[in-house]
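Participant: The file below is target22.txt, compact mmCIF, C-alpha atoms:
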# COMPACT_ATOMS: atom_id res chain seq x y z
CA MET A 1 -138.60 102.23 23.51
CA ALA A 2 -138.41 106.03 23.34
CA GLY A 3 -136.57 106.16 26.66
CA ALA A 4 -134.05 103.56 25.49
CA ALA A 5 -133.52 105.52 22.26
CA TRP A 6 -132.95 108.74 24.23
CA CYS A 7 -130.41 107.00 26.49
CA ALA A 8 -128.67 105.40 23.54
CA LEU A 9 -128.23 108.68 21.70
CA CYS A 10 -127.65 111.16 24.53
CA LEU A 11 -125.86 109.37 27.36
CA GLY A 12 -122.20 108.47 27.40
CA THR A 13 -118.97 110.32 26.74
CA PRO A 14 -119.59 112.91 25.51
CA TYR A 15 -123.06 113.64 26.83
CA VAL A 16 -125.20 115.21 24.11
CA PRO A 17 -128.36 117.14 25.11
CA PRO A 18 -131.50 116.10 23.22
CA HIS A 19 -131.85 119.46 21.47
CA ARG A 20 -128.33 119.09 20.03
CA LEU A 21 -128.60 115.53 18.77
CA PHE A 22 -128.66 116.44 15.09
CA GLY A 23 -127.22 119.91 15.02
CA GLY A 24 -126.06 122.77 17.18
CA GLY A 25 -123.34 120.85 19.03
CA ASP A 26 -119.61 120.64 18.50
CA GLU A 27 -118.08 118.56 15.73
CA ILE A 28 -116.96 115.69 17.99
CA ALA A 29 -120.44 115.27 19.45
CA ARG A 30 -121.96 115.32 15.97
CA VAL A 31 -119.63 112.60 14.73
CA VAL A 32 -120.19 110.45 17.84
CA VAL A 33 -123.97 110.64 17.42
CA THR A 34 -124.27 110.22 13.65
CA GLU A 35 -121.44 107.74 13.05
CA LEU A 36 -121.51 105.65 16.25
CA ARG A 37 -124.67 105.96 18.33
CA VAL A 38 -127.31 106.18 15.60
CA PRO A 39 -126.05 103.15 13.61
CA ARG A 40 -125.68 101.20 16.85
CA LEU A 41 -129.29 101.99 17.80
CA VAL A 42 -130.56 101.11 14.30
CA LEU A 43 -128.61 97.85 14.40
CA ALA A 44 -130.06 97.00 17.81
CA LEU A 45 -133.59 97.58 16.53
CA VAL A 46 -133.09 95.58 13.32
CA ALA A 47 -131.30 92.71 15.06
CA GLY A 48 -133.91 92.51 17.80
CA ALA A 49 -136.76 92.54 15.29
CA CYS A 50 -135.17 89.71 13.29
CA LEU A 51 -134.55 87.60 16.40
CA GLY A 52 -138.03 88.23 17.78
CA ALA A 53 -139.68 87.28 14.48
CA ALA A 54 -137.47 84.20 14.11
CA GLY A 55 -138.34 83.08 17.64
CA LEU A 56 -142.06 83.27 16.88
CA VAL A 57 -141.60 81.35 13.62
CA LEU A 58 -139.78 78.53 15.39
CA GLN A 59 -142.20 78.34 18.31
CA GLU A 60 -145.26 78.29 16.08
CA ALA A 61 -143.81 75.84 13.57
CA LEU A 62 -142.84 73.40 16.33
CA ARG A 63 -145.81 74.23 18.59
CA ASN A 64 -143.48 74.56 21.54
CA PRO A 65 -142.93 77.75 23.59
CA LEU A 66 -139.36 76.65 24.36
CA ALA A 67 -138.28 76.43 20.71
CA VAL A 68 -135.67 79.16 20.36
CA PRO A 69 -132.67 79.57 18.02
CA GLU A 70 -130.28 78.75 20.87
CA MET A 71 -131.86 75.30 21.32
CA LEU A 72 -132.07 74.27 17.66
CA GLY A 73 -128.43 74.59 16.61
CA VAL A 74 -129.15 77.66 14.47
CA SER A 75 -127.38 80.30 16.57
CA SER A 76 -124.51 77.97 17.50
CA GLY A 77 -123.99 77.01 13.87
CA ALA A 78 -123.94 80.64 12.74
CA ALA A 79 -121.44 81.54 15.47
CA LEU A 80 -119.25 78.58 14.52
CA GLY A 81 -119.23 79.67 10.87
CA VAL A 82 -118.00 83.15 11.81
CA ALA A 83 -115.55 82.13 14.57
CA ALA A 84 -113.76 79.35 12.67
CA PRO A 85 -111.93 81.57 10.12
CA LEU A 86 -110.79 83.88 12.91
CA VAL A 87 -109.14 81.07 14.86
CA LEU A 88 -107.73 79.39 11.75
CA ALA A 89 -106.20 82.71 10.62
CA VAL A 90 -108.17 82.74 7.36
CA SER A 91 -108.68 86.25 6.01
CA VAL A 92 -112.36 86.71 5.18
CA PRO A 93 -113.89 89.93 3.76
CA ALA A 94 -116.62 91.46 5.89
CA ALA A 95 -119.14 90.94 3.08
CA VAL A 96 -118.56 87.18 3.22
CA GLU A 97 -119.19 86.81 6.96
CA PRO A 98 -122.99 86.70 6.59
CA LEU A 99 -122.56 83.86 4.09
CA LEU A 100 -120.42 81.95 6.59
CA ALA A 101 -123.01 82.55 9.29
CA LEU A 102 -125.77 81.49 6.91
CA GLY A 103 -123.87 78.29 6.07
CA GLY A 104 -123.26 77.53 9.74
CA ALA A 105 -126.88 78.23 10.68
CA ALA A 106 -128.10 76.07 7.80
CA LEU A 107 -125.72 73.32 8.92
CA GLY A 108 -127.06 73.42 12.49
CA GLY A 109 -130.69 73.59 11.44
CA GLY A 110 -130.25 70.99 8.72
CA LEU A 111 -128.57 68.54 11.08
CA THR A 112 -131.42 69.04 13.52
CA LEU A 113 -134.08 68.30 10.91
CA LEU A 114 -132.22 65.36 9.41
CA ALA A 115 -131.57 63.76 12.78
CA ALA A 116 -135.20 64.33 13.78
CA GLY A 117 -136.56 62.78 10.58
CA LEU A 118 -137.07 66.00 8.59
CA GLY A 119 -139.39 67.54 11.12
CA ARG A 120 -141.73 64.60 11.54
CA SER A 121 -142.37 65.37 15.20
CA PRO A 122 -142.10 68.82 16.84
CA SER A 123 -140.87 67.32 20.12
CA ALA A 124 -138.26 65.25 18.28
CA VAL A 125 -137.02 68.35 16.46
CA LEU A 126 -136.65 70.27 19.73
CA LEU A 127 -134.82 67.48 21.59
CA THR A 128 -132.57 66.77 18.64
CA GLY A 129 -131.86 70.47 18.23
CA ALA A 130 -130.69 70.71 21.83
CA ALA A 131 -128.24 67.85 21.17
CA VAL A 132 -127.00 69.45 17.93
CA ALA A 133 -126.59 72.83 19.68
CA ALA A 134 -124.53 71.15 22.42
CA ALA A 135 -122.28 69.51 19.81
CA LEU A 136 -121.74 72.79 17.96
CA GLN A 137 -121.00 74.58 21.23
CA ALA A 138 -118.41 71.88 21.99
CA ALA A 139 -116.80 72.61 18.61
CA LEU A 140 -116.73 76.30 19.55
CA LEU A 141 -114.99 75.43 22.81
CA VAL A 142 -112.36 73.48 20.86
CA LEU A 143 -111.76 76.54 18.69
CA MET A 144 -111.43 78.72 21.78
CA VAL A 145 -108.77 76.36 23.17
CA MET A 146 -106.84 76.68 19.90
CA ALA A 147 -107.07 80.48 19.80
CA ASP A 148 -104.38 82.83 21.08
CA GLN A 149 -105.15 85.34 23.80
CA LEU A 150 -106.23 88.21 21.53
CA ASP A 151 -108.44 86.02 19.36
CA LEU A 152 -109.89 84.43 22.49
CA GLN A 153 -111.03 87.80 23.82
CA LEU A 154 -112.61 88.67 20.46
CA ILE A 155 -114.38 85.32 20.21
CA TYR A 156 -115.58 85.46 23.80
CA ARG A 157 -117.11 88.90 23.34
CA TYR A 158 -118.62 87.89 20.01
CA LEU A 159 -120.21 84.72 21.42
CA LEU A 160 -121.99 86.75 24.09
CA GLY A 161 -123.47 89.09 21.48
CA SER A 162 -122.13 92.62 21.30
CA LEU A 163 -123.01 95.83 19.45
CA SER A 164 -119.73 97.51 20.31
CA ALA A 165 -117.95 99.46 17.54
CA ARG A 166 -120.66 98.80 14.96
CA THR A 167 -121.03 101.34 12.16
CA TRP A 168 -123.28 102.14 9.20
CA GLU A 169 -121.38 99.56 7.14
CA ASP A 170 -122.65 96.81 9.46
CA VAL A 171 -126.20 98.14 9.19
CA THR A 172 -126.21 98.38 5.40
CA GLY A 173 -124.86 94.83 5.17
CA LEU A 174 -128.13 93.52 6.61
CA TRP A 175 -130.49 95.06 4.05
CA PRO A 176 -129.94 92.53 1.22
CA TRP A 177 -130.83 89.72 3.60
CA LEU A 178 -133.89 91.53 4.89
CA ILE A 179 -135.13 92.03 1.34
CA VAL A 180 -135.20 88.24 1.04
CA ALA A 181 -136.37 87.42 4.56
CA VAL A 182 -139.28 89.85 5.02
CA PRO A 183 -141.39 88.70 2.03
CA ALA A 184 -140.72 85.06 2.96
CA LEU A 185 -141.80 85.84 6.51
CA VAL A 186 -145.05 87.44 5.34
CA LEU A 187 -145.85 84.42 3.16
CA CYS A 188 -144.93 82.01 5.96
CA ALA A 189 -147.13 83.58 8.67
CA PRO A 190 -150.54 82.21 7.52
CA VAL A 191 -149.09 78.69 7.31
CA LEU A 192 -147.83 79.01 10.88
CA ALA A 193 -151.37 79.76 12.02
CA VAL A 194 -152.52 76.50 10.40
CA LEU A 195 -149.63 74.47 11.86
CA ARG A 196 -150.71 75.61 15.30
CA LEU A 197 -153.85 73.46 14.90
CA GLY A 198 -151.79 70.27 14.91
CA ASP A 199 -150.24 68.09 12.22
CA ASP A 200 -153.38 66.08 11.44
CA ASP A 201 -155.66 69.10 11.14
CA ALA A 202 -153.07 70.99 9.11
CA GLU A 203 -152.74 68.11 6.65
CA ALA A 204 -156.54 67.89 6.42
CA LEU A 205 -156.51 71.55 5.37
CA GLY A 206 -154.01 70.83 2.62
CA VAL A 207 -150.74 71.85 4.31
CA ARG A 208 -147.74 69.60 3.77
CA VAL A 209 -146.57 69.67 7.37
CA ARG A 210 -143.00 68.46 7.01
CA ARG A 211 -142.31 70.76 4.08
CA ALA A 212 -143.92 73.69 5.90
CA ARG A 213 -141.84 73.03 9.00
CA PHE A 214 -138.66 72.82 6.95
CA THR A 215 -139.56 76.08 5.19
CA ALA A 216 -140.22 77.79 8.52
CA LEU A 217 -136.78 76.77 9.75
CA ALA A 218 -135.24 78.09 6.52
CA VAL A 219 -136.94 81.47 7.03
CA ALA A 220 -135.69 81.57 10.62
CA VAL A 221 -132.16 80.80 9.43
CA VAL A 222 -132.23 83.69 6.93
CA LEU A 223 -133.39 86.01 9.73
CA ILE A 224 -130.88 84.83 12.33
CA ALA A 225 -127.69 84.24 10.34
CA PRO A 226 -126.87 87.79 9.12
CA VAL A 227 -127.67 89.24 12.54
CA THR A 228 -125.41 86.68 14.20
CA ALA A 229 -122.65 87.47 11.70
CA VAL A 230 -122.70 91.13 12.76
CA CYS A 231 -123.68 91.06 16.44
CA GLY A 232 -123.03 87.51 17.57
CA PRO A 233 -125.75 85.31 19.09
CA VAL A 234 -127.72 87.80 21.21
CA ALA A 235 -129.28 85.32 23.59
CA TRP A 236 -132.92 84.66 24.44
CA VAL A 237 -134.48 87.53 22.52
CA GLY A 238 -136.24 84.93 20.38
CA PHE A 239 -137.62 83.40 23.57
CA LEU A 240 -138.87 86.52 25.32
CA ALA A 241 -140.35 88.53 22.43
CA PRO A 242 -142.92 85.94 21.24
CA HIS A 243 -144.16 85.39 24.79
CA LEU A 244 -144.66 89.11 25.27
CA ALA A 245 -146.52 89.28 21.96
CA ARG A 246 -148.87 86.46 22.97
CA ARG A 247 -149.37 87.78 26.47
CA LEU A 248 -150.41 91.24 25.33
CA ASN A 249 -152.45 90.06 22.32
CA PRO A 250 -153.99 86.74 23.41
CA ARG A 251 -156.96 86.79 20.99
CA THR A 252 -155.04 86.77 17.71
CA ASP A 253 -152.88 84.20 15.89
CA ALA A 254 -149.40 83.96 14.34
CA VAL A 255 -150.24 86.57 11.70
CA GLY A 256 -151.14 89.10 14.39
CA TRP A 257 -148.34 88.12 16.74
CA LEU A 258 -145.58 88.44 14.15
CA PRO A 259 -145.24 92.27 14.03
CA TRP A 260 -145.61 92.48 17.80
CA SER A 261 -142.93 89.85 18.33
CA ALA A 262 -140.59 91.78 16.04
CA ALA A 263 -141.37 95.02 17.90
CA TRP A 264 -140.74 93.48 21.30
CA GLY A 265 -137.51 91.92 20.08
CA ALA A 266 -136.33 95.32 18.82
CA ALA A 267 -137.25 96.92 22.15
CA ALA A 268 -135.49 94.18 24.14
CA VAL A 269 -132.15 94.58 22.35
CA ALA A 270 -132.33 98.39 22.36
CA VAL A 271 -133.06 98.45 26.09
CA ALA A 272 -130.38 95.84 26.91
CA ASP A 273 -127.73 97.77 24.99
CA VAL A 274 -128.10 100.79 27.29
CA PRO A 275 -126.70 99.09 30.45
CA ALA A 276 -124.29 97.16 28.23
CA ARG A 277 -122.76 100.46 27.19
CA LEU A 278 -123.15 102.50 30.38
CA ALA A 279 -123.34 100.25 33.45
CA LEU A 280 -119.58 99.68 33.78
CA ALA A 281 -118.38 102.66 31.71
CA PRO A 282 -115.81 103.12 30.28
CA VAL A 283 -115.79 99.30 29.94
CA GLU A 284 -118.54 97.93 27.72
CA THR A 285 -120.29 94.65 28.48
CA PRO A 286 -121.90 92.47 25.80
CA ALA A 287 -125.57 93.19 25.13
CA GLY A 288 -126.25 89.46 24.93
CA ALA A 289 -125.30 89.06 28.57
CA TRP A 290 -128.01 91.57 29.53
CA THR A 291 -130.68 90.04 27.29
CA ALA A 292 -130.02 86.65 28.88
CA LEU A 293 -129.85 88.08 32.40
CA LEU A 294 -133.16 89.93 32.06
CA GLY A 295 -134.91 87.89 29.38
CA VAL A 296 -134.81 84.41 30.86
CA PRO A 297 -136.50 85.29 34.21
CA ALA A 298 -139.08 87.43 32.43
CA GLY A 299 -139.83 84.67 29.92
CA VAL A 300 -140.16 82.03 32.62
CA ALA A 301 -142.52 84.30 34.56
CA LEU A 302 -144.66 84.78 31.45
CA LEU A 303 -144.76 81.01 30.91
CA ARG A 304 -145.87 80.41 34.48
CA ARG A 305 -148.63 83.02 34.27
CA ARG A 306 -149.77 81.59 30.94
CA ARG A 307 -150.16 78.15 32.50
Please, can you express the file's structure as structure tokens?
Facilitator:
Amino acid sequence: MAGAAWCALCLGTPYVPPHRLFGGGDEIARVVVTELRVPRLVLALVAGACLGAAGLVLQEALRNPLAVPEMLGVSSGAALGVAAPLVLAVSVPAAVEPLLALGGAALGGGLTLLAAGLGRSPSAVLLTGAAVAAALQAALLVLMVMADQLDLQLIYRYLLGSLSARTWEDVTGLWPWLIVAVPALVLCAPVLAVLRLGDDDAEALGVRVRRARFTALAVAVVLIAPVTAVCGPVAWVGFLAPHLARRLNPRTDAVGWLPWSAAWGAAAVAVADVPARLALAPVETPAGAWTALLGVPAGVALLRRRR
């Protein structure tokens, strides 16, 4: 994490030595660090933490290590909500984009739960979510066909998940959503530990399983949607981070895994953004492409070792 932070703040054009990060350098270097690199690093950490925590919530609520936002229609719905006004030439203020993403994510997650019988079976929710995600991705492809060349490039980069050209305004736009999501996440964690026992045992302990599963999906939506509105769907962070948390802390439960999953998600996005920004400089590549490229093999390897 510290190495990724050093690379994010120091490397690039211009190169800024560590001892001049927050003073002592020229004015251009100071502006680049404080107005571009620092907010980008903070956004990477916050976005990764939200995605990592949301991935753990979904996996624990559905008792399936493959339950990730990308397979439940949540990420695709949020991306559709943000991309549609761009293609349809509807002017939308930046402050409204998280609401559009929230509506799209709620649409995707709600369709998944409704089609699966309001969360009656974890396996049914996962299979139905994959179908809903495929349908929403097809709608995104239709929008991309309708878009002109400039909009197509913007949508393509957004759908891969990018932190390029993000500023403090994008970071501050996330705080109102985090104020809602973090307390809900803390209250949800003990219920996730009970759901892990199985539906019958959870009901015997007084948990209303279907309502708890629906609530868990709602918490995941509030975590994922604002991040997707700003960064796009940064892929597979919600898959990798929970597996790392379980692997390194096998003797705890969802309450103990939650902060570790958030920390690993933050580290994954921060680390992936370094090659995204520097590997093909001066051309930037989307951070989501690197999280998918590195995260999927690592997650599969962790699954195999767990078995």
Participant: Which is closer to Phe214 in chain A than all the others in A:Thr112, A:Leu240, A:Ala4, A:Pro85, using all atoms listed in the file?
Facilitator: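 Ranking A:Thr112, A:Leu240, A:Ala4, A:Pro85 by distance to Phe214 in chain A, first place goes to A:Thr112.
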Participant: Can you tell me which residues surround Asp199 in chain A at a distance of at most 8 Å, considering all atoms listed in the file, apart from same-chain residues fewer than 4 positions away, and format the answer as a list in words?
Facilitator: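 My reading of the contact set: Leu195, Glu203 and Val209 of chain A.
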Participant: Would you mind telling me which residue in A:Thr215, A:Gln59, A:Ser162, A:Thr167 lies nearest to Gly109 in chain A when using all atoms listed in the file?
Facilitator: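 Checking each of A:Thr215, A:Gln59, A:Ser162, A:Thr167 against Gly109 in chain A, counting all atoms listed in the file, the winner is A:Thr215.
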Participant: Given the choices A:Gly52, A:Gly103, A:Pro18, A:Gly299, which gets closest to Arg247 in chain A if the distance is worked out from all atoms listed in the file?
Facilitator: A:Gly299
Participant: Expressed in Å to a single decimal, how great is the separation between CA of Met1 in chain A and CA of Ala268 in chain A?
Facilitator: 8.7 Å
Participant: Choose the residue, out of A:Leu126, A:Ala61, A:Leu99, A:Leu113, that has the smallest atom-to-atom separation from Pro176 in chain A; count all atoms listed in the file.
Facilitator: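 That would be A:Leu99, the residue with the smallest distance to Pro176 in chain A.
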Participant: Choose the residue, out of A:Leu86, A:Val92, A:Ala29, A:Leu127, that has the smallest atom-to-atom separation from Ala67 in chain A; count all atoms listed in the file.
Facilitator: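 With all atoms listed in the file as the atom set, the closest residue is A:Leu127.
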Participant: When you look at Leu41 in chain A with a cut-off of 12 Å (counting all atoms listed in the file), what residues show up, excluding the ones that are within fewer than 3 positions of it in the same chain? I need them as a VMD selection string.
Facilitator: chain A and resid 1 to 2 4 to 10 33 to 38 44 to 48 163 to 168 170 to 171 266 to 274 277
Participant: Can those selected residues be exported to a file as a PDB file, keeping the file's coordinate frame so that it contains C-alpha atoms?
Facilitator:
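Contents of out.pdb, as written:
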ATOM      1  CA  MET A   1    -138.600 102.230  23.510  1.00  0.00           C
ATOM      2  CA  ALA A   2    -138.410 106.030  23.340  1.00  0.00           C
ATOM      3  CA  ALA A   4    -134.050 103.560  25.490  1.00  0.00           C
ATOM      4  CA  ALA A   5    -133.520 105.520  22.260  1.00  0.00           C
ATOM      5  CA  TRP A   6    -132.950 108.740  24.230  1.00  0.00           C
ATOM      6  CA  CYS A   7    -130.410 107.000  26.490  1.00  0.00           C
ATOM      7  CA  ALA A   8    -128.670 105.400  23.540  1.00  0.00           C
ATOM      8  CA  LEU A   9    -128.230 108.680  21.700  1.00  0.00           C
ATOM      9  CA  CYS A  10    -127.650 111.160  24.530  1.00  0.00           C
ATOM     10  CA  VAL A  33    -123.970 110.640  17.420  1.00  0.00           C
ATOM     11  CA  THR A  34    -124.270 110.220  13.650  1.00  0.00           C
ATOM     12  CA  GLU A  35    -121.440 107.740  13.050  1.00  0.00           C
ATOM     13  CA  LEU A  36    -121.510 105.650  16.250  1.00  0.00           C
ATOM     14  CA  ARG A  37    -124.670 105.960  18.330  1.00  0.00           C
ATOM     15  CA  VAL A  38    -127.310 106.180  15.600  1.00  0.00           C
ATOM     16  CA  ALA A  44    -130.060  97.000  17.810  1.00  0.00           C
ATOM     17  CA  LEU A  45    -133.590  97.580  16.530  1.00  0.00           C
ATOM     18  CA  VAL A  46    -133.090  95.580  13.320  1.00  0.00           C
ATOM     19  CA  ALA A  47    -131.300  92.710  15.060  1.00  0.00           C
ATOM     20  CA  GLY A  48    -133.910  92.510  17.800  1.00  0.00           C
ATOM     21  CA  LEU A 163    -123.010  95.830  19.450  1.00  0.00           C
ATOM     22  CA  SER A 164    -119.730  97.510  20.310  1.00  0.00           C
ATOM     23  CA  ALA A 165    -117.950  99.460  17.540  1.00  0.00           C
ATOM     24  CA  ARG A 166    -120.660  98.800  14.960  1.00  0.00           C
ATOM     25  CA  THR A 167    -121.030 101.340  12.160  1.00  0.00           C
ATOM     26  CA  TRP A 168    -123.280 102.140   9.200  1.00  0.00           C
ATOM     27  CA  ASP A 170    -122.650  96.810   9.460  1.00  0.00           C
ATOM     28  CA  VAL A 171    -126.200  98.140   9.190  1.00  0.00           C
ATOM     29  CA  ALA A 266    -136.330  95.320  18.820  1.00  0.00           C
ATOM     30  CA  ALA A 267    -137.250  96.920  22.150  1.00  0.00           C
ATOM     31  CA  ALA A 268    -135.490  94.180  24.140  1.00  0.00           C
ATOM     32  CA  VAL A 269    -132.150  94.580  22.350  1.00  0.00           C
ATOM     33  CA  ALA A 270    -132.330  98.390  22.360  1.00  0.00           C
ATOM     34  CA  VAL A 271    -133.060  98.450  26.090  1.00  0.00           C
ATOM     35  CA  ALA A 272    -130.380  95.840  26.910  1.00  0.00           C
ATOM     36  CA  ASP A 273    -127.730  97.770  24.990  1.00  0.00           C
ATOM     37  CA  VAL A 274    -128.100 100.790  27.290  1.00  0.00           C
ATOM     38  CA  ARG A 277    -122.760 100.460  27.190  1.00  0.00           C
TER      39      ARG A 277
END
Participant: In Å, how far is it from CA of Tyr158 in chain A to CA of Cys231 in chain A?
Facilitator: 7.0 Å
Participant: Around (-110.1, 81.5, 12.6), as given in the file, which residues come within 12 Å? Count all atoms listed in the file and list them as a CSV table (one decimal) with C-alpha atoms, keeping the file's coordinate frame.
Facilitator:
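Ended up saving to result-v1.csv:
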chain,number,residue,atom,x,y,z
A,79,ALA,CA,-121.4,81.5,15.5
A,80,LEU,CA,-119.2,78.6,14.5
A,81,GLY,CA,-119.2,79.7,10.9
A,82,VAL,CA,-118.0,83.2,11.8
A,83,ALA,CA,-115.6,82.1,14.6
A,84,ALA,CA,-113.8,79.4,12.7
A,85,PRO,CA,-111.9,81.6,10.1
A,86,LEU,CA,-110.8,83.9,12.9
A,87,VAL,CA,-109.1,81.1,14.9
A,88,LEU,CA,-107.7,79.4,11.8
A,89,ALA,CA,-106.2,82.7,10.6
A,90,VAL,CA,-108.2,82.7,7.4
A,91,SER,CA,-108.7,86.2,6.0
A,92,VAL,CA,-112.4,86.7,5.2
A,97,GLU,CA,-119.2,86.8,7.0
A,100,LEU,CA,-120.4,82.0,6.6
A,140,LEU,CA,-116.7,76.3,19.6
A,142,VAL,CA,-112.4,73.5,20.9
A,143,LEU,CA,-111.8,76.5,18.7
A,144,MET,CA,-111.4,78.7,21.8
A,145,VAL,CA,-108.8,76.4,23.2
A,146,MET,CA,-106.8,76.7,19.9
A,147,ALA,CA,-107.1,80.5,19.8
A,148,ASP,CA,-104.4,82.8,21.1
A,150,LEU,CA,-106.2,88.2,21.5
A,151,ASP,CA,-108.4,86.0,19.4
A,152,LEU,CA,-109.9,84.4,22.5
A,154,LEU,CA,-112.6,88.7,20.5
A,155,ILE,CA,-114.4,85.3,20.2
Participant: Suppose you want the space between CA of Thr13 in chain A and CA of Pro282 in chain A; what is it in Å?
Facilitator: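 Distance reported for this atom pair: 8.6 Å.
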Participant: Determine the nearest neighbour of Val283 in chain A from the options A:Ala124, A:Pro69, A:Leu43, A:Gly12, counting all atoms listed in the file.
Facilitator: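 Looking only at the distances to Val283 in chain A, the closest residue turns out to be A:Gly12.
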Participant: Report as number ranges by chain all protein, DNA and RNA residues lying within 6 Å of Val68 in chain A, evaluated on all atoms listed in the file, omitting residues in the same chain fewer than 6 positions from it.
Facilitator: A: 55, 238-239
Participant: Can you pull out every residue within 8 Å of Val255 in chain A, counting all atoms listed in the file, but drop anything in the same chain fewer than 6 positions away, and send it as a list of chain:residue names?
Facilitator: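 Everything that qualifies: A:Ala189, A:Pro190, A:Leu192, A:Ala193.
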Participant: Select, counting all atoms listed in the file, all protein, DNA and RNA residues no farther than 12 Å from (-126.0, 67.0, 11.4) in file coordinates, and express the selection as a ChimeraX atom specification.
Facilitator: /A:72-74,77,104-118,128-129,131-136
